[in-house]
file my_file_17.pdb (PDB, C-alpha atoms)
ATOM      1  CA  MET K  17     223.879 262.126 241.630  1.00  0.00           C
ATOM      2  CA  LYS K  18     227.648 262.130 241.261  1.00  0.00           C
ATOM      3  CA  THR K  19     227.405 265.393 239.361  1.00  0.00           C
ATOM      4  CA  ILE K  20     225.596 267.058 242.249  1.00  0.00           C
ATOM      5  CA  TYR K  21     228.179 265.826 244.759  1.00  0.00           C
ATOM      6  CA  PHE K  22     231.032 266.921 242.516  1.00  0.00           C
ATOM      7  CA  THR K  23     229.460 270.369 242.015  1.00  0.00           C
ATOM      8  CA  LEU K  24     228.905 270.827 245.760  1.00  0.00           C
ATOM      9  CA  LEU K  25     232.446 269.681 246.495  1.00  0.00           C
ATOM     10  CA  PHE K  26     233.840 272.060 243.887  1.00  0.00           C
ATOM     11  CA  PHE K  27     231.962 275.076 245.267  1.00  0.00           C
ATOM     12  CA  LEU K  28     232.856 274.148 248.844  1.00  0.00           C
ATOM     13  CA  SER K  29     236.551 273.888 247.972  1.00  0.00           C
ATOM     14  CA  LEU K  30     236.371 277.148 246.013  1.00  0.00           C
ATOM     15  CA  THR K  31     234.777 278.870 249.012  1.00  0.00           C
ATOM     16  CA  LEU K  32     237.449 277.518 251.348  1.00  0.00           C
ATOM     17  CA  ALA K  33     240.182 278.576 248.932  1.00  0.00           C
ATOM     18  CA  LYS K  34     238.814 282.123 248.823  1.00  0.00           C
ATOM     19  CA  ALA K  35     238.561 282.201 252.629  1.00  0.00           C
ATOM     20  CA  GLN K  36     242.253 281.472 253.141  1.00  0.00           C
ATOM     21  CA  SER K  37     244.230 284.308 254.608  1.00  0.00           C
ATOM     22  CA  ILE K  38     246.962 286.072 252.691  1.00  0.00           C
ATOM     23  CA  LYS K  39     250.433 285.517 254.104  1.00  0.00           C
ATOM     24  CA  PRO K  40     253.149 288.017 253.223  1.00  0.00           C
ATOM     25  CA  TYR K  41     256.627 286.718 252.427  1.00  0.00           C
ATOM     26  CA  ILE K  42     259.964 288.520 252.468  1.00  0.00           C
ATOM     27  CA  ALA K  43     261.800 288.395 249.155  1.00  0.00           C
ATOM     28  CA  ILE K  44     265.519 289.055 248.803  1.00  0.00           C
ATOM     29  CA  LEU K  45     266.308 289.742 245.163  1.00  0.00           C
ATOM     30  CA  LYS K  46     269.967 289.827 244.120  1.00  0.00           C
ATOM     31  CA  THR K  47     270.855 291.641 240.899  1.00  0.00           C
ATOM     32  CA  GLU K  48     274.060 292.853 239.295  1.00  0.00           C
ATOM     33  CA  ASN K  49     273.368 296.327 240.718  1.00  0.00           C
ATOM     34  CA  GLY K  50     272.700 295.267 244.289  1.00  0.00           C
ATOM     35  CA  LYS K  51     270.313 293.555 246.638  1.00  0.00           C
ATOM     36  CA  TYR K  52     266.636 294.405 247.192  1.00  0.00           C
ATOM     37  CA  LYS K  53     264.661 293.256 250.214  1.00  0.00           C
ATOM     38  CA  GLY K  54     260.980 293.673 250.933  1.00  0.00           C
ATOM     39  CA  ILE K  55     257.593 292.027 250.991  1.00  0.00           C
ATOM     40  CA  LEU K  56     256.864 290.369 247.653  1.00  0.00           C
ATOM     41  CA  TYR K  57     253.812 292.169 246.306  1.00  0.00           C
ATOM     42  CA  LYS K  58     253.521 291.094 242.659  1.00  0.00           C
ATOM     43  CA  VAL K  59     255.450 289.221 239.962  1.00  0.00           C
ATOM     44  CA  ASP K  60     254.644 289.646 236.288  1.00  0.00           C
ATOM     45  CA  SER K  61     256.548 289.013 233.083  1.00  0.00           C
ATOM     46  CA  VAL K  62     258.433 292.338 233.309  1.00  0.00           C
ATOM     47  CA  ASN K  63     258.892 293.295 236.983  1.00  0.00           C
ATOM     48  CA  ALA K  64     258.922 291.954 240.495  1.00  0.00           C
ATOM     49  CA  ILE K  65     257.372 294.517 242.824  1.00  0.00           C
ATOM     50  CA  LEU K  66     258.518 294.687 246.441  1.00  0.00           C
ATOM     51  CA  ASN K  67     257.004 296.667 249.289  1.00  0.00           C
ATOM     52  CA  HIS K  68     259.863 298.055 251.373  1.00  0.00           C
ATOM     53  CA  ASP K  69     258.668 300.193 254.317  1.00  0.00           C
ATOM     54  CA  GLY K  70     255.538 301.302 252.450  1.00  0.00           C
ATOM     55  CA  GLU K  71     257.436 302.172 249.271  1.00  0.00           C
ATOM     56  CA  PHE K  72     257.017 300.029 246.157  1.00  0.00           C
ATOM     57  CA  ILE K  73     260.225 299.011 244.369  1.00  0.00           C
ATOM     58  CA  LYS K  74     260.117 297.643 240.818  1.00  0.00           C
ATOM     59  CA  VAL K  75     262.917 295.235 239.998  1.00  0.00           C
ATOM     60  CA  PRO K  76     263.120 294.143 236.331  1.00  0.00           C
ATOM     61  CA  ILE K  77     262.905 290.356 235.982  1.00  0.00           C
ATOM     62  CA  ASN K  78     265.763 290.194 233.462  1.00  0.00           C
ATOM     63  CA  GLU K  79     268.161 291.768 236.018  1.00  0.00           C
ATOM     64  CA  ILE K  80     267.385 289.331 238.853  1.00  0.00           C
ATOM     65  CA  LYS K  81     270.063 286.678 239.421  1.00  0.00           C
ATOM     66  CA  THR K  82     268.587 284.951 242.499  1.00  0.00           C
ATOM     67  CA  ALA K  83     265.470 285.288 244.612  1.00  0.00           C
ATOM     68  CA  GLN K  84     265.132 284.032 248.170  1.00  0.00           C
ATOM     69  CA  ILE K  85     261.785 283.742 249.934  1.00  0.00           C
ATOM     70  CA  ARG K  86     261.499 283.890 253.729  1.00  0.00           C
ATOM     71  CA  THR K  87     258.679 284.107 256.226  1.00  0.00           C
ATOM     72  CA  ILE K  88     258.078 287.149 258.364  1.00  0.00           C
ATOM     73  CA  LYS K  89     258.900 286.399 261.975  1.00  0.00           C
ATOM     74  CA  LYS K  90     257.383 288.058 264.984  1.00  0.00           C
ATOM     75  CA  GLY K  91     259.686 289.969 267.278  1.00  0.00           C
ATOM     76  CA  TYR K  92     261.343 288.096 270.111  1.00  0.00           C
ATOM     77  CA  LYS K  93     260.035 288.749 273.599  1.00  0.00           C
ATOM     78  CA  GLY K  94     262.326 287.926 276.477  1.00  0.00           C
ATOM     79  CA  THR K  95     261.159 285.390 279.024  1.00  0.00           C
ATOM     80  CA  ASN K  96     261.553 285.418 282.786  1.00  0.00           C
ATOM     81  CA  PHE K  97     262.695 281.862 283.523  1.00  0.00           C
ATOM     82  CA  ILE K  98     262.739 281.996 287.348  1.00  0.00           C
ATOM     83  CA  LYS K  99     259.853 283.193 289.491  1.00  0.00           C
ATOM     84  CA  VAL K 100     260.976 285.299 292.409  1.00  0.00           C
ATOM     85  CA  GLY K 101     258.720 287.553 294.379  1.00  0.00           C
ATOM     86  CA  ASP K 102     255.304 287.774 295.921  1.00  0.00           C
ATOM     87  CA  ASP K 103     252.934 287.251 293.034  1.00  0.00           C
ATOM     88  CA  ASN K 104     250.537 285.721 295.518  1.00  0.00           C
ATOM     89  CA  PRO K 105     250.221 287.814 298.720  1.00  0.00           C
ATOM     90  CA  ASP K 106     248.660 284.843 300.539  1.00  0.00           C
ATOM     91  CA  GLU K 107     251.763 282.701 299.888  1.00  0.00           C
ATOM     92  CA  TYR K 108     253.348 283.465 303.292  1.00  0.00           C
ATOM     93  CA  LYS K 109     251.493 283.601 306.610  1.00  0.00           C
ATOM     94  CA  ILE K 110     252.614 284.328 310.151  1.00  0.00           C
ATOM     95  CA  ASN K 111     252.869 281.157 312.208  1.00  0.00           C
ATOM     96  CA  ALA K 112     252.532 280.723 316.015  1.00  0.00           C
ATOM     97  CA  HIS K 113     256.227 281.667 316.532  1.00  0.00           C
ATOM     98  CA  GLY K 114     255.733 284.980 314.689  1.00  0.00           C
ATOM     99  CA  LYS K 115     257.706 283.947 311.603  1.00  0.00           C
ATOM    100  CA  SER K 116     256.480 284.239 308.019  1.00  0.00           C
ATOM    101  CA  VAL K 117     256.157 280.736 306.492  1.00  0.00           C
ATOM    102  CA  ASP K 118     254.589 279.215 303.398  1.00  0.00           C
ATOM    103  CA  LYS K 119     252.017 276.409 303.466  1.00  0.00           C
ATOM    104  CA  TRP K 120     254.764 273.737 303.711  1.00  0.00           C
ATOM    105  CA  GLY K 121     256.461 275.388 306.689  1.00  0.00           C
ATOM    106  CA  HIS K 122     259.435 276.934 304.860  1.00  0.00           C
ATOM    107  CA  GLU K 123     260.429 280.335 306.155  1.00  0.00           C
ATOM    108  CA  ALA K 124     260.139 283.359 303.898  1.00  0.00           C
ATOM    109  CA  PRO K 125     263.514 284.606 302.653  1.00  0.00           C
ATOM    110  CA  ASP K 126     264.913 287.577 304.509  1.00  0.00           C
ATOM    111  CA  LEU K 127     265.972 290.707 302.668  1.00  0.00           C
ATOM    112  CA  GLU K 128     269.501 289.376 302.070  1.00  0.00           C
ATOM    113  CA  GLY K 129     268.258 286.031 300.695  1.00  0.00           C
ATOM    114  CA  TYR K 130     265.640 287.783 298.576  1.00  0.00           C
ATOM    115  CA  ALA K 131     268.256 290.147 297.094  1.00  0.00           C
ATOM    116  CA  SER K 132     270.653 287.310 296.218  1.00  0.00           C
ATOM    117  CA  ALA K 133     267.831 285.314 294.631  1.00  0.00           C
ATOM    118  CA  THR K 134     266.776 288.393 292.655  1.00  0.00           C
ATOM    119  CA  VAL K 135     270.327 289.006 291.397  1.00  0.00           C
ATOM    120  CA  PHE K 136     270.641 285.345 290.406  1.00  0.00           C
ATOM    121  CA  SER K 137     267.270 285.505 288.649  1.00  0.00           C
ATOM    122  CA  VAL K 138     268.224 288.634 286.691  1.00  0.00           C
ATOM    123  CA  VAL K 139     271.601 287.203 285.623  1.00  0.00           C
ATOM    124  CA  PHE K 140     270.150 283.810 284.662  1.00  0.00           C
ATOM    125  CA  THR K 141     267.284 285.409 282.729  1.00  0.00           C
ATOM    126  CA  ALA K 142     269.665 287.749 280.882  1.00  0.00           C
ATOM    127  CA  LEU K 143     271.969 284.866 279.925  1.00  0.00           C
ATOM    128  CA  ALA K 144     269.080 282.629 278.826  1.00  0.00           C
ATOM    129  CA  ASN K 145     267.556 285.410 276.711  1.00  0.00           C
ATOM    130  CA  ALA K 146     270.976 286.233 275.222  1.00  0.00           C
ATOM    131  CA  VAL K 147     271.236 282.614 274.033  1.00  0.00           C
ATOM    132  CA  ALA K 148     267.595 282.378 272.879  1.00  0.00           C
ATOM    133  CA  LEU K 149     267.584 285.615 270.827  1.00  0.00           C
ATOM    134  CA  PRO K 150     270.103 284.501 268.150  1.00  0.00           C
ATOM    135  CA  ILE K 151     268.364 281.144 267.849  1.00  0.00           C
ATOM    136  CA  HIS K 152     265.047 282.929 267.283  1.00  0.00           C
ATOM    137  CA  ALA K 153     266.640 285.249 264.712  1.00  0.00           C
ATOM    138  CA  ILE K 154     267.517 282.360 262.388  1.00  0.00           C
ATOM    139  CA  ASN K 155     265.220 282.694 259.393  1.00  0.00           C
ATOM    140  CA  PRO K 156     265.926 280.036 256.758  1.00  0.00           C
ATOM    141  CA  ASN K 157     264.794 280.302 253.155  1.00  0.00           C
ATOM    142  CA  LEU K 158     261.494 278.731 252.206  1.00  0.00           C
ATOM    143  CA  ALA K 159     262.440 278.800 248.547  1.00  0.00           C
ATOM    144  CA  ARG K 160     265.370 279.870 246.383  1.00  0.00           C
ATOM    145  CA  PHE K 161     265.155 280.619 242.680  1.00  0.00           C
ATOM    146  CA  ASN K 162     268.042 281.011 240.228  1.00  0.00           C
ATOM    147  CA  LEU K 163     266.724 283.319 237.526  1.00  0.00           C
ATOM    148  CA  ASN K 164     269.822 283.551 235.313  1.00  0.00           C
ATOM    149  CA  LYS K 165     267.742 282.016 232.532  1.00  0.00           C
ATOM    150  CA  ILE K 166     264.194 283.361 232.619  1.00  0.00           C
ATOM    151  CA  ASP K 167     261.824 280.412 232.765  1.00  0.00           C
ATOM    152  CA  GLU K 168     258.039 280.786 232.822  1.00  0.00           C
ATOM    153  CA  ASN K 169     257.684 277.983 235.397  1.00  0.00           C
ATOM    154  CA  LYS K 170     260.131 279.647 237.781  1.00  0.00           C
ATOM    155  CA  LEU K 171     258.288 282.963 237.459  1.00  0.00           C
ATOM    156  CA  ASN K 172     254.985 281.212 238.192  1.00  0.00           C
ATOM    157  CA  GLU K 173     256.452 279.519 241.257  1.00  0.00           C
ATOM    158  CA  LEU K 174     257.897 282.827 242.461  1.00  0.00           C
ATOM    159  CA  SER K 175     254.555 284.550 241.947  1.00  0.00           C
ATOM    160  CA  TYR K 176     252.840 281.997 244.240  1.00  0.00           C
ATOM    161  CA  TYR K 177     254.523 283.775 247.172  1.00  0.00           C
ATOM    162  CA  SER K 178     253.274 287.240 246.147  1.00  0.00           C
ATOM    163  CA  ILE K 179     250.416 288.987 247.906  1.00  0.00           C
ATOM    164  CA  TYR K 180     248.736 289.758 244.589  1.00  0.00           C
ATOM    165  CA  TYR K 181     248.630 286.093 243.520  1.00  0.00           C
ATOM    166  CA  GLN K 182     247.333 284.956 246.908  1.00  0.00           C
ATOM    167  CA  ALA K 183     244.515 287.499 246.673  1.00  0.00           C
ATOM    168  CA  ASN K 184     243.790 286.751 242.979  1.00  0.00           C
ATOM    169  CA  PRO K 185     244.786 283.149 242.198  1.00  0.00           C
ATOM    170  CA  ASN K 186     244.572 281.916 238.625  1.00  0.00           C
ATOM    171  CA  VAL K 187     242.254 279.005 239.349  1.00  0.00           C
ATOM    172  CA  LEU K 188     241.892 277.892 235.719  1.00  0.00           C
ATOM    173  CA  ALA K 189     245.669 277.693 235.207  1.00  0.00           C
ATOM    174  CA  GLU K 190     246.015 275.705 238.437  1.00  0.00           C
ATOM    175  CA  LEU K 191     243.251 273.335 237.357  1.00  0.00           C
ATOM    176  CA  HIS K 192     244.905 272.857 233.953  1.00  0.00           C
ATOM    177  CA  GLN K 193     248.237 272.142 235.657  1.00  0.00           C
ATOM    178  CA  LEU K 194     246.604 269.564 237.944  1.00  0.00           C
ATOM    179  CA  LYS K 195     244.987 267.877 234.934  1.00  0.00           C
ATOM    180  CA  THR K 196     248.330 267.596 233.116  1.00  0.00           C
ATOM    181  CA  ILE K 197     249.984 266.153 236.209  1.00  0.00           C
ATOM    182  CA  SER K 198     247.197 263.637 236.793  1.00  0.00           C
ATOM    183  CA  SER K 199     247.100 262.581 233.125  1.00  0.00           C
ATOM    184  CA  SER K 200     250.777 261.688 233.274  1.00  0.00           C
ATOM    185  CA  PHE K 201     250.065 259.162 236.074  1.00  0.00           C
ATOM    186  CA  LYS K 202     247.353 257.276 234.203  1.00  0.00           C
ATOM    187  CA  PRO K 203     248.526 254.060 232.484  1.00  0.00           C
TER     188      PRO K 203
END
call {"tool": "encode", "arguments": {"input": "my_file_17.pdb", "output": "structure tokens"}}
result
Amino acid sequence: MKTIYFTLLFFLSLTLAKAQSIKPYIAILKTENGKYKGILYKVDSVNAILNHDGEFIKVPINEIKTAQIRTIKKGYKGTNFIKVGDDNPDEYKINAHGKSVDKWGHEAPDLEGYASATVFSVVFTALANAVALPIHAINPNLARFNLNKIDENKLNELSYYSIYYQANPNVLAELHQLKTISSSFKP
């Protein structure tokens, strides 16, 4: 009975693992010759392949000094922080005295008050967005690899962030690695 449960659990987890979406990561590879930046496509024992604006760049592994991995951020959209204007045409109604008032009895702003509120709104929104944009632009590293000495473990860890590995994971190698880790914990 345990075998059946284990088999079902294994196939369920394998199905969920295959159903995961592929997430692209930005790689910044620093070499002696310069710096390469693009989406990390594939890492093998010879090259790291980056996709930079639809063009594939091969960077030899033995030339890479450091590799930084970052997430791709969506573009910043400015926000209007103060609502001014007639989004709701039923907001103001004419009262018995012939003045335009809202449902609480406050008079509608005249043209001069509306213009000053609009100028204040534009200035405040521009200042708030000017402060929020640099904060949004901060994109810290998820991982950093020093590849001065080529190490198979570092290359494997770097390849985890590649699109190719996410689409074609080496399940047997991962299972073997989990077994070695779990065997070290047993008394």
call {"tool": "residues_around", "arguments": {"input": "my_file_17.pdb", "residues": "region 147-158 of chain K", "least_positions_apart": "4", "cutoff": "8 Å", "atoms": "all atoms listed in the file", "output": "list in words"}}
result
Gln84, Ile85, Arg86, Thr87, Lys89, Tyr92 and Leu143 of chain K
call {"tool": "atom_distance", "arguments": {"input": "my_file_17.pdb", "atom1": "CA of Glu123 (chain K)", "atom2": "CA of Glu107 (chain K)"}}
result
11.0 Å
call {"tool": "resolve_selection", "arguments": {"input": "my_file_17.pdb", "expression": "the PyMOL selection byres ((chain K and resi 141) around 9)", "output": "ChimeraX atom specification"}}
result
/K:94-98,136-140,142-146
call {"tool": "closest_residue", "arguments": {"input": "my_file_17.pdb", "among": "K:Val117, K:Ile77, K:Ala112, K:Ile179", "to": "Ile166 (chain K)", "atoms": "all atoms listed in the file"}}
result
K:Ile77
call {"tool": "closest_residue", "arguments": {"input": "my_file_17.pdb", "among": "K:Lys93, K:His68, K:Lys170, K:Lys195", "to": "Ile42 (chain K)", "atoms": "only C-alpha atoms"}}
result
K:His68
call {"tool": "closest_residue", "arguments": {"input": "my_file_17.pdb", "among": "K:Ile20, K:Leu45, K:Leu194, K:Val59", "to": "Asn172 (chain K)", "atoms": "all atoms listed in the file"}}
result
K:Val59
call {"tool": "closest_residue", "arguments": {"input": "my_file_17.pdb", "among": "K:Ser178, K:Asn169, K:Asn67, K:Ser37", "to": "Gln193 (chain K)", "atoms": "only C-alpha atoms"}}
result
K:Asn169
call {"tool": "atom_distance", "arguments": {"input": "my_file_17.pdb", "atom1": "CA of Asn184 (chain K)", "atom2": "CA of Pro40 (chain K)"}}
result
13.9 Å
call {"tool": "atom_distance", "arguments": {"input": "my_file_17.pdb", "atom1": "CA of Val62 (chain K)", "atom2": "CA of Val187 (chain K)"}}
result
21.8 Å
call {"tool": "closest_residue", "arguments": {"input": "my_file_17.pdb", "among": "K:Pro185, K:Thr47, K:Ile38, K:Asn78", "to": "Asp167 (chain K)", "atoms": "all atoms listed in the file"}}
result
K:Asn78
call {"tool": "residues_near_point", "arguments": {"input": "my_file_17.pdb", "point": "(255.2, 275.2, 307.1)", "cutoff": "10 Å", "atoms": "only C-alpha atoms", "output": "list in words"}}
result
Tyr108, Lys109, Ile110, Asn111, Ser116, Val117, Asp118, Lys119, Trp120, Gly121, His122 and Glu123 of chain K
call {"tool": "closest_residue", "arguments": {"input": "my_file_17.pdb", "among": "K:Gly54, K:Lys46, K:Ile80, K:Phe72", "to": "Asn164 (chain K)", "atoms": "only C-alpha atoms"}}
result
K:Ile80
call {"tool": "resolve_selection", "arguments": {"input": "my_file_17.pdb", "expression": "the PyMOL selection byres ((chain K and resi 177) around 9)", "output": "number ranges by chain"}}
result
K: 39-43, 56-58, 85, 173-176, 178-182
